[in-house]
file protein.txt (compact mmCIF, C-alpha atoms)
# COMPACT_ATOMS: atom_id res chain seq x y z
CA MET A 1 -33.72 -10.36 -35.26
CA ASN A 2 -30.39 -9.91 -33.65
CA ALA A 3 -29.69 -8.65 -30.16
CA LEU A 4 -29.20 -5.05 -31.23
CA GLU A 5 -32.60 -4.92 -32.97
CA ARG A 6 -34.26 -6.52 -29.99
CA ILE A 7 -32.74 -3.92 -27.65
CA LEU A 8 -33.57 -0.99 -29.88
CA SER A 9 -37.17 -2.07 -30.37
CA ALA A 10 -37.60 -2.66 -26.64
CA LEU A 11 -36.11 0.72 -25.80
CA GLY A 12 -38.70 2.40 -28.00
CA ASP A 13 -38.76 6.03 -28.91
CA PRO A 14 -36.40 7.87 -29.11
CA ALA A 15 -34.02 5.01 -29.77
CA PRO A 16 -30.35 5.81 -29.20
CA GLN A 17 -27.75 5.30 -31.86
CA GLY A 18 -26.69 1.69 -31.88
CA SER A 19 -24.14 -0.50 -33.57
CA THR A 20 -22.66 -3.93 -33.16
CA GLY A 21 -19.08 -4.02 -32.01
CA ARG A 22 -16.37 -6.14 -33.57
CA ASP A 23 -16.80 -8.66 -30.76
CA GLY A 24 -20.50 -8.95 -31.55
CA ILE A 25 -21.72 -7.05 -28.53
CA PRO A 26 -24.42 -4.41 -29.20
CA CYS A 27 -23.21 -0.95 -28.39
CA LEU A 28 -25.35 2.09 -27.69
CA GLU A 29 -24.13 5.67 -27.98
CA ILE A 30 -26.05 7.96 -25.66
CA GLU A 31 -25.81 11.35 -24.09
CA ALA A 32 -24.61 11.48 -20.50
CA LYS A 33 -27.80 13.22 -19.38
CA ASP A 34 -29.91 10.37 -20.79
CA ALA A 35 -27.80 7.68 -19.15
CA ARG A 36 -29.99 6.97 -16.16
CA ARG A 37 -33.19 6.84 -18.20
CA THR A 38 -31.71 4.56 -20.86
CA ILE A 39 -30.11 2.23 -18.33
CA ALA A 40 -33.29 2.03 -16.28
CA ARG A 41 -35.17 1.00 -19.39
CA LEU A 42 -32.50 -1.49 -20.34
CA LYS A 43 -33.05 -3.04 -16.94
CA SER A 44 -36.83 -2.99 -16.93
CA ALA A 45 -37.71 -3.52 -20.60
CA CYS A 46 -34.80 -5.55 -22.00
CA GLY A 47 -33.99 -7.80 -19.05
CA PHE A 48 -30.42 -6.60 -18.49
CA ASP A 49 -30.34 -7.41 -14.80
CA THR A 50 -26.58 -7.46 -14.13
CA ASN A 51 -24.02 -4.72 -14.35
CA THR A 52 -20.71 -6.18 -15.48
CA PHE A 53 -18.55 -3.10 -15.04
CA VAL A 54 -18.42 0.64 -15.15
CA THR A 55 -15.24 2.06 -16.54
CA ALA A 56 -13.96 5.06 -18.43
CA ILE A 57 -11.74 5.84 -21.36
CA ASP A 58 -9.41 8.81 -21.38
CA ARG A 59 -9.02 10.23 -24.90
CA PHE A 60 -6.60 12.81 -23.66
CA PRO A 61 -6.01 15.35 -26.42
CA ALA A 62 -9.55 14.99 -27.73
CA GLU A 63 -12.53 16.91 -26.41
CA PRO A 64 -14.68 15.91 -24.66
CA ARG A 65 -11.96 14.03 -22.96
CA PHE A 66 -13.64 11.25 -21.00
CA GLU A 67 -15.92 8.54 -22.22
CA LEU A 68 -17.87 6.45 -19.76
CA LEU A 69 -18.61 2.85 -20.52
CA TRP A 70 -21.15 0.58 -18.89
CA GLN A 71 -21.59 -3.07 -19.75
CA PHE A 72 -24.63 -5.08 -18.78
CA ARG A 73 -25.48 -8.73 -19.03
CA SER A 74 -28.86 -10.33 -19.22
CA LEU A 75 -29.01 -13.58 -17.34
CA VAL A 76 -32.43 -14.25 -18.90
CA HIS A 77 -31.52 -13.78 -22.54
CA GLY A 78 -27.84 -14.55 -22.20
CA ASP A 79 -26.58 -11.53 -24.11
CA ARG A 80 -24.68 -8.39 -23.34
CA VAL A 81 -24.95 -4.72 -24.14
CA ARG A 82 -22.46 -1.91 -23.93
CA VAL A 83 -23.46 1.70 -23.33
CA ARG A 84 -21.10 4.60 -23.99
CA ALA A 85 -21.42 8.27 -23.20
CA ARG A 86 -19.08 11.18 -23.69
CA LEU A 87 -18.64 13.29 -20.56
CA ASP A 88 -18.44 17.04 -20.77
CA ALA A 89 -15.85 18.16 -18.26
CA GLY A 90 -17.12 21.21 -16.45
CA PRO A 91 -14.96 23.50 -14.36
CA GLU A 92 -15.12 21.01 -11.47
CA GLY A 93 -14.04 18.04 -13.54
CA PRO A 94 -15.95 15.27 -15.28
CA ARG A 95 -19.26 14.31 -13.69
CA ALA A 96 -21.57 11.42 -14.44
CA PRO A 97 -24.84 10.10 -13.04
CA SER A 98 -24.54 7.18 -10.66
CA ILE A 99 -26.46 3.97 -11.31
CA ALA A 100 -25.68 2.49 -7.90
CA ASP A 101 -29.34 2.62 -6.89
CA LEU A 102 -30.36 0.58 -9.95
CA PHE A 103 -27.47 -1.87 -9.76
CA PRO A 104 -26.01 -2.03 -6.23
CA GLY A 105 -22.96 -3.86 -7.50
CA ALA A 106 -22.04 -0.86 -9.62
CA ALA A 107 -21.17 1.10 -6.49
CA TYR A 108 -17.73 -0.53 -6.29
CA SER A 109 -17.11 -0.07 -10.00
CA GLU A 110 -17.96 3.60 -9.71
CA ARG A 111 -15.66 4.00 -6.73
CA GLU A 112 -12.85 2.42 -8.71
CA CYS A 113 -13.64 4.62 -11.68
CA PHE A 114 -13.54 7.67 -9.44
CA ASP A 115 -10.25 6.48 -7.97
CA MET A 116 -8.56 5.88 -11.31
CA PHE A 117 -10.07 8.63 -13.49
CA GLY A 118 -11.43 11.21 -11.09
CA ILE A 119 -14.95 11.03 -12.48
CA VAL A 120 -17.47 12.17 -9.89
CA PHE A 121 -20.63 10.09 -9.84
CA GLU A 122 -23.54 12.22 -8.75
CA GLY A 123 -25.91 10.39 -6.43
CA HIS A 124 -23.35 7.88 -5.19
CA ALA A 125 -23.76 7.47 -1.43
CA GLY A 126 -20.13 6.81 -0.45
CA LEU A 127 -17.89 7.99 -3.24
CA LYS A 128 -14.32 7.69 -2.01
CA ARG A 129 -11.13 6.09 -3.23
CA LEU A 130 -11.15 2.32 -3.48
CA LEU A 131 -7.61 1.22 -4.30
CA MET A 132 -5.30 4.14 -3.61
CA PRO A 133 -4.76 5.81 -0.23
CA GLU A 134 -7.17 8.63 0.40
CA GLU A 135 -4.38 11.20 0.64
CA TYR A 136 -3.32 10.37 -2.90
CA ASP A 137 -3.53 13.38 -5.14
CA HIS A 138 -3.55 11.87 -8.62
CA PHE A 139 -5.76 9.74 -10.80
CA PRO A 140 -3.47 7.00 -12.07
CA LEU A 141 -5.25 5.89 -15.24
CA ARG A 142 -5.43 9.37 -16.71
CA LYS A 143 -3.19 9.88 -19.69
CA ASP A 144 -1.39 12.85 -18.13
CA PHE A 145 -0.57 10.92 -14.97
CA PRO A 146 3.11 11.38 -14.05
CA HIS A 147 5.14 8.19 -13.81
CA GLN A 148 4.45 6.74 -10.35
CA GLY A 149 3.09 10.10 -9.23
CA ILE A 150 4.05 9.36 -5.67
CA GLU A 151 4.96 12.12 -3.28
CA PRO A 152 6.07 10.23 -0.17
CA ASP A 153 6.75 13.35 1.87
CA ARG A 154 3.18 14.52 1.46
CA LEU A 155 1.82 11.11 2.42
CA TYR A 156 4.07 10.99 5.49
CA ARG A 157 2.86 14.39 6.62
CA GLU A 158 -0.77 13.37 6.14
CA TRP A 159 -0.22 10.27 8.24
CA ASP A 160 1.50 12.28 10.95
CA ARG A 161 -1.29 14.78 11.08
CA ARG A 162 -3.99 12.14 11.16
CA ARG A 163 -2.22 10.13 13.83
CA HIS A 164 -1.88 13.12 16.07
CA GLU A 165 -5.33 14.49 15.49
CA LYS A 166 -7.17 11.47 16.87
CA PRO A 167 -5.86 11.42 20.46
CA ALA A 168 -6.08 15.20 20.70
CA GLY A 169 -9.74 15.09 19.70
CA SER A 170 -10.63 12.28 22.05
CA ALA A 171 -8.82 13.86 25.02
CA THR A 172 -10.79 17.09 24.93
CA MET B 1 50.84 -3.53 14.87
CA GLY B 2 47.23 -4.08 13.98
CA SER B 3 47.53 -7.83 13.98
CA LEU B 4 48.42 -7.86 17.65
CA LYS B 5 45.24 -6.10 18.60
CA PRO B 6 42.82 -8.40 20.40
CA ALA B 7 39.55 -9.21 18.68
CA GLY B 8 36.46 -7.39 19.82
CA PRO B 9 36.27 -4.05 21.59
CA SER B 10 39.54 -3.07 23.19
CA PRO B 11 39.60 -2.03 26.86
CA SER B 12 40.14 1.55 25.82
CA GLU B 13 36.82 1.61 23.98
CA GLY B 14 34.76 0.37 26.89
CA GLY B 15 35.28 -0.82 30.41
CA PHE B 16 35.42 -4.45 31.34
CA PHE B 17 32.00 -4.33 32.95
CA ALA B 18 30.39 -2.60 29.98
CA THR B 19 31.79 -4.96 27.39
CA ARG B 20 30.88 -8.05 29.38
CA ALA B 21 27.40 -6.72 30.10
CA ASP B 22 27.03 -5.86 26.42
CA TRP B 23 27.93 -9.40 25.55
CA LEU B 24 25.33 -10.74 27.95
CA VAL B 25 22.58 -8.39 26.78
CA ASN B 26 23.34 -9.05 23.13
CA TRP B 27 23.39 -12.79 23.74
CA GLY B 28 19.94 -12.54 25.20
CA ARG B 29 18.64 -10.27 22.48
CA LYS B 30 19.97 -12.13 19.49
CA ASN B 31 18.76 -15.51 20.68
CA SER B 32 15.23 -14.44 21.41
CA LEU B 33 14.29 -12.50 18.29
CA TRP B 34 10.55 -12.65 18.19
CA PRO B 35 9.41 -11.88 14.65
CA MET B 36 6.44 -9.80 13.66
CA PRO B 37 5.35 -11.59 10.48
CA LEU B 38 3.91 -9.02 8.12
CA GLY B 39 3.04 -11.42 5.32
CA LEU B 40 1.76 -9.26 2.50
CA SER B 41 1.92 -11.60 -0.48
CA CYS B 42 3.61 -14.76 -1.71
CA CYS B 43 6.65 -14.19 0.54
CA GLY B 44 4.28 -14.78 3.43
CA ILE B 45 3.92 -18.41 2.36
CA GLU B 46 7.68 -18.91 2.50
CA LEU B 47 7.66 -17.19 5.86
CA MET B 48 5.12 -19.70 7.14
CA ALA B 49 7.29 -22.52 5.88
CA MET B 50 10.24 -20.98 7.68
CA ILE B 51 8.38 -20.79 10.98
CA GLY B 52 7.03 -24.31 10.55
CA PRO B 53 8.81 -27.48 11.69
CA LYS B 54 10.71 -28.29 8.51
CA PHE B 55 12.93 -25.22 8.53
CA ASP B 56 12.32 -24.52 12.18
CA ILE B 57 13.64 -21.14 13.19
CA ALA B 58 13.16 -22.25 16.77
CA ARG B 59 16.79 -23.32 16.41
CA PHE B 60 17.64 -19.61 16.44
CA GLY B 61 15.17 -18.65 19.13
CA ALA B 62 12.93 -16.88 16.66
CA GLU B 63 9.97 -19.20 16.44
CA ALA B 64 7.67 -17.17 18.69
CA ALA B 65 5.85 -15.20 16.00
CA ARG B 66 3.69 -12.66 17.75
CA PHE B 67 0.87 -10.85 16.03
CA SER B 68 1.01 -7.94 18.38
CA PRO B 69 3.79 -5.48 17.59
CA ARG B 70 4.17 -4.76 21.30
CA GLN B 71 5.75 -8.15 21.84
CA CYS B 72 8.04 -8.24 18.81
CA ASP B 73 11.69 -7.54 18.18
CA VAL B 74 12.11 -7.98 14.46
CA LEU B 75 9.65 -6.89 11.79
CA ILE B 76 9.77 -9.14 8.74
CA VAL B 77 8.15 -7.30 5.85
CA ALA B 78 7.33 -10.22 3.57
CA GLY B 79 5.93 -9.18 0.25
CA THR B 80 4.68 -6.31 -1.84
CA LEU B 81 3.99 -3.24 0.23
CA THR B 82 1.42 -0.98 -1.38
CA TRP B 83 1.04 2.66 -0.49
CA LYS B 84 -2.34 1.90 0.99
CA MET B 85 -0.77 -0.60 3.37
CA ALA B 86 2.28 1.58 3.99
CA GLU B 87 0.73 3.57 6.79
CA ALA B 88 -0.24 0.40 8.64
CA CYS B 89 3.27 -0.96 8.16
CA ARG B 90 4.84 2.19 9.53
CA THR B 91 2.39 2.15 12.46
CA ILE B 92 3.40 -1.41 13.30
CA TYR B 93 7.04 -0.36 13.26
CA ASP B 94 6.31 2.61 15.50
CA GLN B 95 4.39 0.42 17.93
CA MET B 96 7.22 -2.07 18.36
CA PRO B 97 9.24 -1.40 21.48
CA ASP B 98 12.96 -0.79 21.24
CA PRO B 99 15.23 -2.52 20.49
CA LYS B 100 13.77 -3.40 17.11
CA TRP B 101 15.08 -4.56 13.78
CA VAL B 102 13.65 -4.90 10.30
CA ILE B 103 14.17 -7.57 7.67
CA ALA B 104 13.00 -6.71 4.15
CA MET B 105 12.10 -10.11 2.74
CA GLY B 106 11.97 -10.45 -1.02
CA VAL B 107 12.68 -7.99 -3.80
CA CYS B 108 9.30 -6.29 -3.50
CA SER B 109 9.89 -5.06 0.00
CA SER B 110 13.58 -4.46 -0.71
CA SER B 111 13.19 -2.30 -3.81
CA GLY B 112 9.67 -2.57 -5.18
CA GLY B 113 10.78 -5.49 -7.34
CA MET B 114 8.99 -5.84 -10.62
CA TYR B 115 6.23 -3.49 -9.47
CA ASP B 116 7.60 -0.22 -10.78
CA SER B 117 4.17 1.19 -10.17
CA TYR B 118 2.24 4.06 -8.70
CA ALA B 119 0.69 1.78 -6.12
CA VAL B 120 3.74 0.04 -4.66
CA VAL B 121 6.30 1.37 -2.20
CA GLN B 122 9.70 1.22 -3.89
CA GLY B 123 11.41 -0.42 -0.95
CA VAL B 124 10.36 -0.32 2.68
CA ASP B 125 13.46 1.73 3.44
CA MET B 126 11.35 4.66 2.30
CA LEU B 127 9.40 4.15 5.51
CA MET B 128 11.75 2.69 8.08
CA PRO B 129 15.39 1.72 8.54
CA VAL B 130 16.08 -1.78 7.28
CA ASP B 131 18.75 -4.03 8.76
CA VAL B 132 18.87 -6.95 6.34
CA TYR B 133 17.63 -7.18 2.76
CA VAL B 134 16.81 -10.63 1.42
CA PRO B 135 16.77 -11.02 -2.38
CA GLY B 136 14.56 -13.53 -4.09
CA CYS B 137 11.07 -13.73 -5.47
CA PRO B 138 10.15 -15.20 -3.11
CA PRO B 139 13.34 -16.08 -1.24
CA ARG B 140 13.69 -19.61 0.01
CA PRO B 141 13.30 -20.08 3.75
CA ASP B 142 17.04 -20.82 3.87
CA ALA B 143 17.74 -17.31 2.64
CA VAL B 144 15.62 -15.77 5.36
CA ILE B 145 17.31 -17.94 7.97
CA ASP B 146 20.60 -16.62 6.60
CA ALA B 147 19.24 -13.11 7.06
CA LEU B 148 18.33 -13.99 10.62
CA ILE B 149 21.87 -15.21 11.30
CA LYS B 150 23.28 -12.04 9.74
CA LEU B 151 21.00 -10.03 11.98
CA GLN B 152 22.25 -11.97 14.99
CA LYS B 153 25.81 -11.12 14.03
CA LYS B 154 24.83 -7.51 13.66
CA ILE B 155 23.20 -7.48 17.08
CA ALA B 156 26.34 -8.98 18.57
CA ARG B 157 28.24 -5.86 17.47
CA GLU B 158 25.92 -3.45 19.26
CA ARG B 159 26.81 -1.93 22.61
CA PRO B 160 23.63 -1.22 24.51
CA VAL B 161 25.11 -1.08 28.02
CA GLU B 162 28.04 1.04 26.97
CA LEU B 163 25.70 3.55 25.37
CA LEU B 164 23.59 3.55 28.49
CA LEU B 165 26.57 4.19 30.75
CA SER B 166 28.14 6.81 28.54
CA GLY B 167 24.89 8.76 28.60
CA ASP B 168 24.85 9.76 24.94
CA ASN B 169 21.82 7.69 24.15
CA ASP B 170 18.64 9.56 23.37
CA ASP B 171 15.45 9.37 25.35
CA GLU B 172 14.17 6.27 23.62
CA GLY B 173 16.30 3.82 25.57
CA ALA B 174 19.64 2.17 25.25
CA GLY B 175 20.92 0.71 22.07
CA THR B 176 18.80 2.72 19.69
CA ARG B 177 21.65 4.71 18.15
CA ARG B 178 22.05 2.20 15.42
CA PHE B 179 20.62 3.81 12.34
CA SER B 180 21.40 6.73 10.19
CA TYR B 181 18.45 7.39 7.99
CA PRO B 182 19.19 7.32 4.29
CA PRO B 183 19.54 10.94 3.20
CA ASN B 184 17.41 10.62 0.09
CA HIS B 185 14.43 9.28 1.92
CA ALA B 186 12.24 11.30 4.16
CA VAL B 187 11.62 9.12 7.17
CA PRO B 188 9.36 10.84 9.67
CA THR B 189 10.72 10.55 13.18
CA THR B 190 7.51 10.93 15.09
CA ARG B 191 7.44 11.51 18.80
CA SER B 192 4.28 11.38 20.81
CA HIS B 193 4.53 15.00 21.96
CA GLU B 194 5.35 16.48 18.58
CA VAL B 195 2.93 17.51 15.87
CA LEU B 196 4.31 18.40 12.50
CA PRO B 197 3.03 21.63 10.99
CA PRO B 198 1.18 21.05 7.75
CA ASP B 199 3.85 22.70 5.62
CA ALA B 200 6.81 21.04 7.29
CA GLY B 201 9.52 19.84 5.00
CA PRO B 202 10.82 16.28 4.83
CA ARG B 203 12.25 14.97 8.08
CA GLY B 204 15.02 12.57 8.73
call {"tool": "encode", "arguments": {"input": "protein.txt", "output": "structure tokens"}}
result
Amino acid sequence: MNALERILSALGDPAPQGSTGRDGIPCLEIEAKDARRTIARLKSACGFDTNTFVTAIDRFPAEPRFELLWQFRSLVHGDRVRVRARLDAGPEGPRAPSIADLFPGAAYSERECFDMFGIVFEGHAGLKRLLMPEEYDHFPLRKDFPHQGIEPDRLYREWDRRRHEKPAGSAT
Amino acid sequence: MGSLKPAGPSPSEGGFFATRADWLVNWGRKNSLWPMPLGLSCCGIELMAMIGPKFDIARFGAEAARFSPRQCDVLIVAGTLTWKMAEACRTIYDQMPDPKWVIAMGVCSSSGGMYDSYAVVQGVDMLMPVDVYVPGCPPRPDAVIDALIKLQKKIARERPVELLLSGDNDDEGAGTRRFSYPPNHAVPTTRSHEVLPPDAGPRG
């Protein structure tokens, strides 16, 4: 009984589609709306107690464009599992459920994912940019990201406005 | 005959008092350059070595590294400046009192270096006027000391008192008319009483 069979039997009905990746890590294909339920059961029933990372893949010309990828590690059993879900981009951009309440460490990964791909995690308490300045207007790891994508003039104006807003607000 | 002209500013360019006072002020300024060490990455380690006893920039009067920009004369941007840090760097420059100078230490702060990236400022001269660029990755402390000596020579050519007496200095104090901002870079010249409209074009 390999790791994939153990996970699938522990997940029970309805079991998601599963396969073993080329690196030997079990991989589950799920729907984005089932993500929270599946991940909660991975945590409770299969012993996957650590979230390694949350990241995304941009398959630019293809639709749906974004694919979200979670990886978990079980410190009890010593194995890993990978969970993938395609994200349907609505009119307000790609959205995904947050798992920061199940795995607190995932909050930073989701912030980074939001910063780099612009994926909004619903239920995340403090979803803001992690690496880039907050005035930044692009998502650098998207495939249609312009080279460098930096508009210094816009950043300068944002800084100026912010710097002058603070004393004006505190004076009145 | 040009060769007969005396070295330095001729009497027609400035009065005896002004040129002598300039010399005195410049002597004081260039021999007490207090650096603001903005160590952002590996260049910061070389900067520490430079301030330490082996290379000893106390020989040039620049050993008093202050970590408050209010007490500093020369901002040494040592290392990779990211866009997230850029606002803090510009704020430090704005908080330094005049007269102030900037040394871009290392290729990252000079031109972005190998980080041709969305996250890295492609040279701190996008944010502030730079006096001396130091190549190297990271530059040896000797190279930065050389930059310091070059900066001292540059300061010796300034004429703070003459500008003050001639009255064509701006309201920020004597000796500030030293830079012309690079035309391709939008450097915001912020004043405390001025708020830019949100749709204002590039300044500088």
call {"tool": "atom_distance", "arguments": {"input": "protein.txt", "atom1": "CA of Asp131 (chain B)", "atom2": "CA of Arg157 (chain B)"}}
result
13.0 Å
call {"tool": "residues_around", "arguments": {"input": "protein.txt", "residues": "region 34-51 of chain A", "least_positions_apart": "3", "cutoff": "10 Å", "atoms": "all atoms listed in the file", "output": "PyMOL selection string"}}
result
chain A and resi 6-12+15-16+28-31+54+70-81+83-85+96-100+102-106+109
call {"tool": "atom_distance", "arguments": {"input": "protein.txt", "atom1": "CA of Gln152 (chain B)", "atom2": "CA of Trp27 (chain B)"}}
result
8.9 Å
call {"tool": "atom_distance", "arguments": {"input": "protein.txt", "atom1": "CA of Arg22 (chain A)", "atom2": "CA of Ile57 (chain A)"}}
result
17.7 Å
call {"tool": "residues_around", "arguments": {"input": "protein.txt", "residues": "Glu110 (chain A)", "least_positions_apart": "3", "cutoff": "12 Å", "atoms": "only C-alpha atoms", "output": "ChimeraX atom specification"}}
result
/A:51-56,68-70,95-101,103-107,113-131
